[in-house]
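Shown below: structure-v8.cif, with mmCIF, C-alpha atoms.
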data_my_file
loop_
_atom_site.label_atom_id
_atom_site.label_comp_id
_atom_site.auth_asym_id
_atom_site.auth_seq_id
_atom_site.Cartn_x
_atom_site.Cartn_y
_atom_site.Cartn_z
CA MET P 4 -21.51 17.23 13.30
CA LEU P 5 -19.02 19.95 14.28
CA PRO P 6 -17.65 20.32 17.79
CA LYS P 7 -19.39 23.09 19.69
CA ASN P 8 -16.29 24.82 21.22
CA LYS P 9 -14.36 25.33 17.94
CA THR P 10 -13.82 28.94 16.84
CA THR P 11 -12.30 30.13 13.61
CA THR P 12 -10.35 33.35 13.15
CA THR P 13 -9.30 34.96 9.91
CA THR P 14 -6.60 37.53 9.43
CA THR P 15 -6.48 39.90 6.55
CA THR P 16 -3.28 41.54 5.42
CA ALA P 17 -2.98 44.57 3.27
CA PRO P 18 -0.73 44.21 0.23
CA ILE P 19 2.65 45.92 0.64
CA THR P 20 3.80 48.35 -2.01
CA ASP P 21 7.25 48.73 -3.57
CA ALA P 22 7.61 52.08 -1.85
CA ALA P 23 6.89 50.48 1.53
CA ILE P 24 9.47 47.74 0.89
CA LYS P 25 12.10 50.33 -0.10
CA ALA P 26 11.32 52.33 3.03
CA LEU P 27 11.74 49.22 5.24
CA ILE P 28 15.07 48.40 3.59
CA ALA P 29 16.30 51.97 3.95
CA GLN P 30 15.30 51.97 7.62
CA GLY P 31 17.11 48.64 8.20
CA VAL P 32 20.29 49.94 6.57
CA ALA P 33 20.13 53.18 8.56
CA ASP P 34 19.67 51.23 11.81
CA ALA P 35 22.63 48.95 10.98
CA LEU P 36 24.88 51.92 10.15
CA ALA P 37 23.88 53.66 13.37
CA LYS P 38 24.69 50.51 15.35
CA ILE P 39 28.12 50.23 13.69
CA GLU P 40 28.88 53.88 14.42
CA ALA P 41 27.75 53.47 18.03
CA ASN P 42 30.03 50.43 18.45
CA ARG P 43 32.94 52.28 16.87
CA THR P 44 32.62 55.27 19.20
CA SER P 45 32.08 53.08 22.25
CA ARG P 46 35.48 51.45 21.64
CA ASN P 47 37.17 54.87 21.80
CA GLY P 48 38.78 54.49 18.39
CA ASP P 49 40.10 50.97 19.01
CA ASP P 50 39.62 49.38 15.62
CA SER P 51 41.69 46.28 16.33
CA HIS P 52 40.60 42.98 14.86
CA ASP P 53 38.26 40.86 16.96
CA SER P 54 35.47 38.37 16.36
CA ARG P 55 32.41 39.93 14.75
CA THR P 56 29.41 38.82 12.82
CA GLY P 57 27.65 39.77 9.62
CA THR P 58 28.72 42.69 7.44
CA GLU P 59 30.46 44.37 10.37
CA GLY P 60 32.87 41.44 10.63
CA VAL P 61 33.76 41.61 6.94
CA VAL P 62 34.36 45.36 7.08
CA SER P 63 36.43 45.08 10.25
CA LEU P 64 38.51 42.23 8.85
CA THR P 65 39.11 44.10 5.59
CA GLN P 66 40.23 47.17 7.53
CA TRP P 67 42.58 45.00 9.62
CA PHE P 68 44.11 43.47 6.46
CA GLU P 69 44.62 46.92 4.95
CA LYS P 70 46.26 48.22 8.13
CA ILE P 71 48.58 45.20 8.38
CA GLU P 72 49.52 45.40 4.68
CA PHE P 73 50.29 49.10 5.08
CA VAL P 74 52.60 48.39 8.03
CA PHE P 75 54.34 45.69 5.98
CA HIS P 76 54.74 48.06 3.06
CA ILE P 77 56.33 50.89 5.02
CA SER P 78 58.52 48.67 7.21
CA ASN P 79 59.94 46.30 4.56
CA TYR P 80 59.58 43.31 6.90
CA ILE P 81 60.73 39.93 5.61
CA ILE P 82 57.99 37.27 5.40
CA ALA P 83 58.90 35.59 8.71
CA CYS P 84 58.67 38.94 10.52
CA GLN P 85 55.39 39.77 8.79
CA ILE P 86 53.83 36.58 10.15
CA LYS P 87 55.11 37.25 13.67
CA PHE P 88 53.86 40.85 13.59
CA ALA P 89 50.43 39.93 12.21
CA THR P 90 49.90 37.16 14.75
CA CYS P 91 50.80 39.54 17.57
CA THR P 92 47.83 41.70 16.56
CA LEU P 93 45.27 38.88 16.64
CA LEU P 94 42.57 39.01 19.31
CA SER P 95 39.73 36.88 20.60
CA SER P 96 38.65 33.91 18.47
CA ALA P 97 41.26 34.67 15.78
CA LEU P 98 44.01 34.32 18.40
CA THR P 99 42.48 31.08 19.70
CA TRP P 100 42.40 29.65 16.17
CA TRP P 101 46.02 30.69 15.51
CA ASN P 102 47.27 29.16 18.76
CA SER P 103 45.55 25.84 18.02
CA HIS P 104 46.94 25.86 14.45
CA VAL P 105 50.51 26.48 15.66
CA LYS P 106 50.13 23.75 18.28
CA THR P 107 48.92 21.29 15.65
CA VAL P 108 51.83 22.10 13.34
CA SER P 109 54.36 21.74 16.15
CA GLU P 110 52.82 18.40 17.21
CA ILE P 111 53.13 17.08 13.65
CA LYS P 112 56.76 18.25 13.55
CA LYS P 113 57.45 16.29 16.77
CA LEU P 114 55.90 13.17 15.24
CA GLU P 115 58.00 13.60 12.10
CA ILE P 116 61.17 13.82 14.21
CA LYS P 117 60.10 10.72 16.14
CA LEU P 118 59.53 8.84 12.87
CA TRP P 119 62.87 10.03 11.48
CA ASN P 120 64.71 8.65 14.54
CA LEU P 121 62.66 5.44 14.88
CA LYS P 122 64.72 2.21 15.08
CA VAL P 123 63.95 -1.40 15.96
CA LYS P 124 64.57 -2.01 19.67
CA GLY P 125 66.35 -5.32 20.08
CA THR P 126 64.63 -7.84 17.82
CA ASP P 127 61.06 -6.56 18.26
CA VAL P 128 60.37 -5.90 14.57
CA LEU P 129 56.59 -6.36 15.05
CA CYS P 130 56.44 -3.42 17.46
CA TYR P 131 58.62 -1.40 15.07
CA ASN P 132 56.29 -2.26 12.16
CA GLN P 133 53.23 -1.09 14.04
CA HIS P 134 54.85 2.08 15.37
CA PHE P 135 56.34 2.94 11.97
CA GLN P 136 52.99 2.52 10.20
CA GLU P 137 51.13 4.63 12.79
CA LEU P 138 53.65 7.46 12.52
CA ALA P 139 53.81 7.21 8.72
CA LEU P 140 50.03 7.65 8.53
CA MET P 141 50.19 10.81 10.65
CA CYS P 142 53.23 12.17 8.80
CA SER P 143 52.27 11.31 5.24
CA ARG P 144 53.86 14.44 3.78
CA MET P 145 57.30 13.03 4.61
CA PHE P 146 56.89 10.38 1.93
CA PRO P 147 55.74 11.72 -1.44
CA GLU P 148 56.43 8.30 -2.98
CA GLU P 149 56.04 4.84 -1.46
CA SER P 150 59.68 4.14 -2.30
CA ASP P 151 60.68 6.95 0.10
CA GLU P 152 58.64 5.31 2.85
CA VAL P 153 60.20 1.91 2.13
CA GLU P 154 63.70 3.44 2.26
CA LYS P 155 63.01 5.09 5.64
CA TYR P 156 61.48 1.86 6.98
CA VAL P 157 64.53 -0.17 6.00
CA SER P 158 66.89 2.40 7.54
CA GLY P 159 65.31 1.72 10.95
CA LEU P 160 65.89 -2.03 10.79
CA PRO P 161 68.84 -3.68 12.61
CA ASP P 162 72.10 -3.69 10.63
CA MET P 163 72.10 -7.52 10.49
CA ILE P 164 68.98 -7.60 8.24
CA GLN P 165 69.05 -4.14 6.67
CA GLY P 166 71.30 -5.21 3.78
CA SER P 167 69.24 -8.32 3.05
CA VAL P 168 66.00 -6.33 2.90
CA MET P 169 67.61 -3.76 0.57
CA VAL P 170 68.95 -6.52 -1.73
CA SER P 171 65.44 -7.98 -1.98
CA ASN P 172 64.46 -4.60 -3.52
CA PRO P 173 60.95 -4.33 -2.02
CA LYS P 174 58.59 -2.27 -4.18
CA THR P 175 55.89 -1.73 -1.53
CA MET P 176 55.79 -1.25 2.22
CA GLN P 177 53.99 -4.57 2.53
CA ASP P 178 56.84 -6.36 0.74
CA ALA P 179 59.45 -4.72 3.00
CA ILE P 180 57.50 -5.51 6.18
CA GLU P 181 56.90 -9.13 5.22
CA PHE P 182 60.55 -9.73 4.26
CA ALA P 183 61.90 -8.04 7.41
CA THR P 184 59.49 -9.96 9.65
CA GLU P 185 60.48 -13.22 7.95
CA LEU P 186 64.18 -12.52 8.51
CA MET P 187 63.66 -11.70 12.19
CA ASP P 188 61.69 -14.91 12.88
#

Whole structure given in structure tokens:
Amino acid sequence: MLPKNKTTTTTTTAPITDAAIKALIAQGVADALAKIEANRTSRNGDDSHDSRTGTEGVVSLTQWFEKIEFVFHISNYIIACQIKFATCTLLSSALTWWNSHVKTVSEIKKLEIKLWNLKVKGTDVLCYNQHFQELALMCSRMFPEESDEVEKYVSGLPDMIQGSVMVSNPKTMQDAIEFATELMD
């Protein structure tokens, strides 16, 4: 037995023709172009690069690249000056991204300098081991080969054990750490 309050509705749709689809597409393109033109005139000719979405963003970014490349071409800037000039023209989310990227790079550089100057304080080789390994993980590009990392590690050890560790010719970081720790105990 069916419930008494249930109603059923049916909707019929007319099939859409190819001509109707083409007309809808043409109307959508025309609306998008009109919107772009309205935005362009509302900015009073300011076509500087900012955050955009969709096709408009691609077109705007391409125009910005072309403008920047043209300035580089006529001014004969060296690469370093090209980067400075281009970053000075960034706006909105592009500028935010650039600033965070530069900050990240400068932070890594600070860590690399800290690692380069790292030495054992007193006889606390365990603290040195931990600090060295933490910094080495964050600054991995400093050591293309493990032997480079071992050499840097040994250079931070106290003079009294540095020679002994080098003579032992450690092949891995683990070997160098174990031998240095053993000598300091």

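Here atom CA of P:Leu93 stands at a distance of 29.1 Å from atom CA of P:Met141.
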
Written as a PDB file with C-alpha atoms, in the coordinates of the input, which residues does the PyMOL selection byres ((chain P and resi 90) around 12) give for the file shown?
ATOM      1  CA  HIS P  52      40.600  42.980  14.860  1.00  0.00           C
ATOM      2  CA  TRP P  67      42.580  45.000   9.620  1.00  0.00           C
ATOM      3  CA  PHE P  68      44.110  43.470   6.460  1.00  0.00           C
ATOM      4  CA  ILE P  71      48.580  45.200   8.380  1.00  0.00           C
ATOM      5  CA  ALA P  83      58.900  35.590   8.710  1.00  0.00           C
ATOM      6  CA  CYS P  84      58.670  38.940  10.520  1.00  0.00           C
ATOM      7  CA  GLN P  85      55.390  39.770   8.790  1.00  0.00           C
ATOM      8  CA  ILE P  86      53.830  36.580  10.150  1.00  0.00           C
ATOM      9  CA  LYS P  87      55.110  37.250  13.670  1.00  0.00           C
ATOM     10  CA  PHE P  88      53.860  40.850  13.590  1.00  0.00           C
ATOM     11  CA  ALA P  89      50.430  39.930  12.210  1.00  0.00           C
ATOM     12  CA  CYS P  91      50.800  39.540  17.570  1.00  0.00           C
ATOM     13  CA  THR P  92      47.830  41.700  16.560  1.00  0.00           C
ATOM     14  CA  LEU P  93      45.270  38.880  16.640  1.00  0.00           C
ATOM     15  CA  LEU P  94      42.570  39.010  19.310  1.00  0.00           C
ATOM     16  CA  SER P  95      39.730  36.880  20.600  1.00  0.00           C
ATOM     17  CA  ALA P  97      41.260  34.670  15.780  1.00  0.00           C
ATOM     18  CA  LEU P  98      44.010  34.320  18.400  1.00  0.00           C
ATOM     19  CA  THR P  99      42.480  31.080  19.700  1.00  0.00           C
ATOM     20  CA  TRP P 100      42.400  29.650  16.170  1.00  0.00           C
ATOM     21  CA  TRP P 101      46.020  30.690  15.510  1.00  0.00           C
ATOM     22  CA  ASN P 102      47.270  29.160  18.760  1.00  0.00           C
ATOM     23  CA  HIS P 104      46.940  25.860  14.450  1.00  0.00           C
ATOM     24  CA  VAL P 105      50.510  26.480  15.660  1.00  0.00           C
TER      25      VAL P 105
END

Could you make a table, as JSON lines, of the residues of stretch 98-144 of chain P that have an atom within 12 Å of an atom of stretch 162-170 of chain P, each with its nearest atom pair and distance in Å to one decimal, counting all atoms listed in the file, in chain and number order?
{"residue": "P:Lys122", "atom": "CA", "partner": "P:Asp162", "partner_atom": "CA", "distance": 10.4}
{"residue": "P:Val123", "atom": "CA", "partner": "P:Asp162", "partner_atom": "CA", "distance": 10.0}
{"residue": "P:Lys124", "atom": "CA", "partner": "P:Asp162", "partner_atom": "CA", "distance": 11.9}
{"residue": "P:Gly125", "atom": "CA", "partner": "P:Asp162", "partner_atom": "CA", "distance": 11.2}
{"residue": "P:Thr126", "atom": "CA", "partner": "P:Met163", "partner_atom": "CA", "distance": 10.5}
{"residue": "P:Val128", "atom": "CA", "partner": "P:Ile164", "partner_atom": "CA", "distance": 10.8}

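The residue that comes closest to P:Leu129, out of P:Val153, P:Ile180, P:Ser78, P:Gln30 and on the basis of all atoms listed in the file, is P:Ile180.
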
Between P:Ile111, P:Gln177, P:Ser103, P:Met187, which is the closest to P:Gln136 once you count all atoms listed in the file?
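That would be P:Gln177, the residue with the smallest distance to P:Gln136.
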
Expanded to explicit residues, what is the PyMOL selection byres ((chain P and resi 159) around 8) for this file, as an MDAnalysis selection string?
chainID P and resid 120:123 155:158 160:161

Your completed stretch 170-181 of chain P with all heavy atoms, as a short mmCIF file (atom, residue, chain, number, x, y, z; two decimals), in the frame of the given file:
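Result file is out-v2.cif:
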data_model
loop_
_atom_site.label_atom_id
_atom_site.label_comp_id
_atom_site.auth_asym_id
_atom_site.auth_seq_id
_atom_site.Cartn_x
_atom_site.Cartn_y
_atom_site.Cartn_z
N VAL P 170 68.62 -5.68 -0.56
CA VAL P 170 68.95 -6.52 -1.73
C VAL P 170 67.69 -7.12 -2.32
O VAL P 170 67.58 -7.30 -3.54
CB VAL P 170 69.97 -7.62 -1.33
CG1 VAL P 170 70.14 -8.65 -2.43
CG2 VAL P 170 71.31 -6.99 -1.00
N SER P 171 66.69 -7.40 -1.48
CA SER P 171 65.44 -7.98 -1.98
C SER P 171 64.65 -6.97 -2.82
O SER P 171 63.70 -7.33 -3.50
CB SER P 171 64.58 -8.50 -0.83
OG SER P 171 63.97 -7.43 -0.13
N ASN P 172 65.06 -5.69 -2.75
CA ASN P 172 64.46 -4.60 -3.52
C ASN P 172 62.93 -4.57 -3.41
O ASN P 172 62.22 -4.71 -4.41
CB ASN P 172 64.89 -4.71 -4.99
CG ASN P 172 64.69 -3.40 -5.73
OD1 ASN P 172 64.56 -2.35 -5.12
ND2 ASN P 172 64.65 -3.49 -7.04
N PRO P 173 62.41 -4.35 -2.19
CA PRO P 173 60.95 -4.33 -2.02
C PRO P 173 60.34 -3.11 -2.72
O PRO P 173 60.86 -2.01 -2.64
CB PRO P 173 60.77 -4.24 -0.50
CG PRO P 173 62.05 -3.63 0.00
CD PRO P 173 63.13 -4.07 -0.96
N LYS P 174 59.27 -3.35 -3.44
CA LYS P 174 58.59 -2.27 -4.18
C LYS P 174 57.52 -1.58 -3.33
O LYS P 174 57.19 -0.43 -3.57
CB LYS P 174 57.94 -2.83 -5.45
CG LYS P 174 58.91 -3.44 -6.41
CD LYS P 174 59.76 -2.37 -7.06
CE LYS P 174 60.68 -3.01 -8.08
NZ LYS P 174 61.91 -2.31 -8.25
N THR P 175 56.95 -2.29 -2.36
CA THR P 175 55.89 -1.73 -1.53
C THR P 175 56.27 -1.87 -0.06
O THR P 175 57.15 -2.66 0.30
CB THR P 175 54.55 -2.46 -1.76
OG1 THR P 175 54.68 -3.81 -1.32
CG2 THR P 175 54.14 -2.41 -3.23
N MET P 176 55.59 -1.14 0.78
CA MET P 176 55.79 -1.25 2.22
C MET P 176 55.46 -2.67 2.69
O MET P 176 56.15 -3.22 3.52
CB MET P 176 54.92 -0.25 2.97
CG MET P 176 55.52 1.11 3.14
SD MET P 176 57.07 1.11 4.03
CE MET P 176 56.59 0.50 5.63
N GLN P 177 54.40 -3.22 2.13
CA GLN P 177 53.99 -4.57 2.53
C GLN P 177 55.09 -5.58 2.24
O GLN P 177 55.39 -6.43 3.08
CB GLN P 177 52.68 -4.95 1.81
CG GLN P 177 52.05 -6.22 2.34
CD GLN P 177 51.65 -6.11 3.80
OE1 GLN P 177 51.20 -5.07 4.27
NE2 GLN P 177 51.84 -7.18 4.55
N ASP P 178 55.73 -5.46 1.08
CA ASP P 178 56.84 -6.36 0.74
C ASP P 178 57.98 -6.21 1.74
O ASP P 178 58.54 -7.20 2.22
CB ASP P 178 57.38 -6.06 -0.67
CG ASP P 178 56.39 -6.41 -1.77
OD1 ASP P 178 55.43 -7.16 -1.50
OD2 ASP P 178 56.60 -5.92 -2.91
N ALA P 179 58.35 -4.98 2.07
CA ALA P 179 59.45 -4.72 3.00
C ALA P 179 59.14 -5.27 4.39
O ALA P 179 59.98 -5.91 5.03
CB ALA P 179 59.74 -3.23 3.07
N ILE P 180 57.91 -5.04 4.85
CA ILE P 180 57.50 -5.51 6.18
C ILE P 180 57.51 -7.02 6.24
O ILE P 180 58.03 -7.62 7.20
CB ILE P 180 56.12 -4.92 6.57
CG1 ILE P 180 56.23 -3.42 6.84
CG2 ILE P 180 55.52 -5.65 7.76
CD1 ILE P 180 54.91 -2.71 6.99
N GLU P 181 56.94 -7.67 5.23
CA GLU P 181 56.90 -9.13 5.22
C GLU P 181 58.30 -9.73 5.20
O GLU P 181 58.60 -10.67 5.95
CB GLU P 181 56.08 -9.64 4.02
CG GLU P 181 54.60 -9.43 4.19
CD GLU P 181 53.78 -9.78 2.94
OE1 GLU P 181 54.37 -10.26 1.94
OE2 GLU P 181 52.57 -9.59 2.98
#
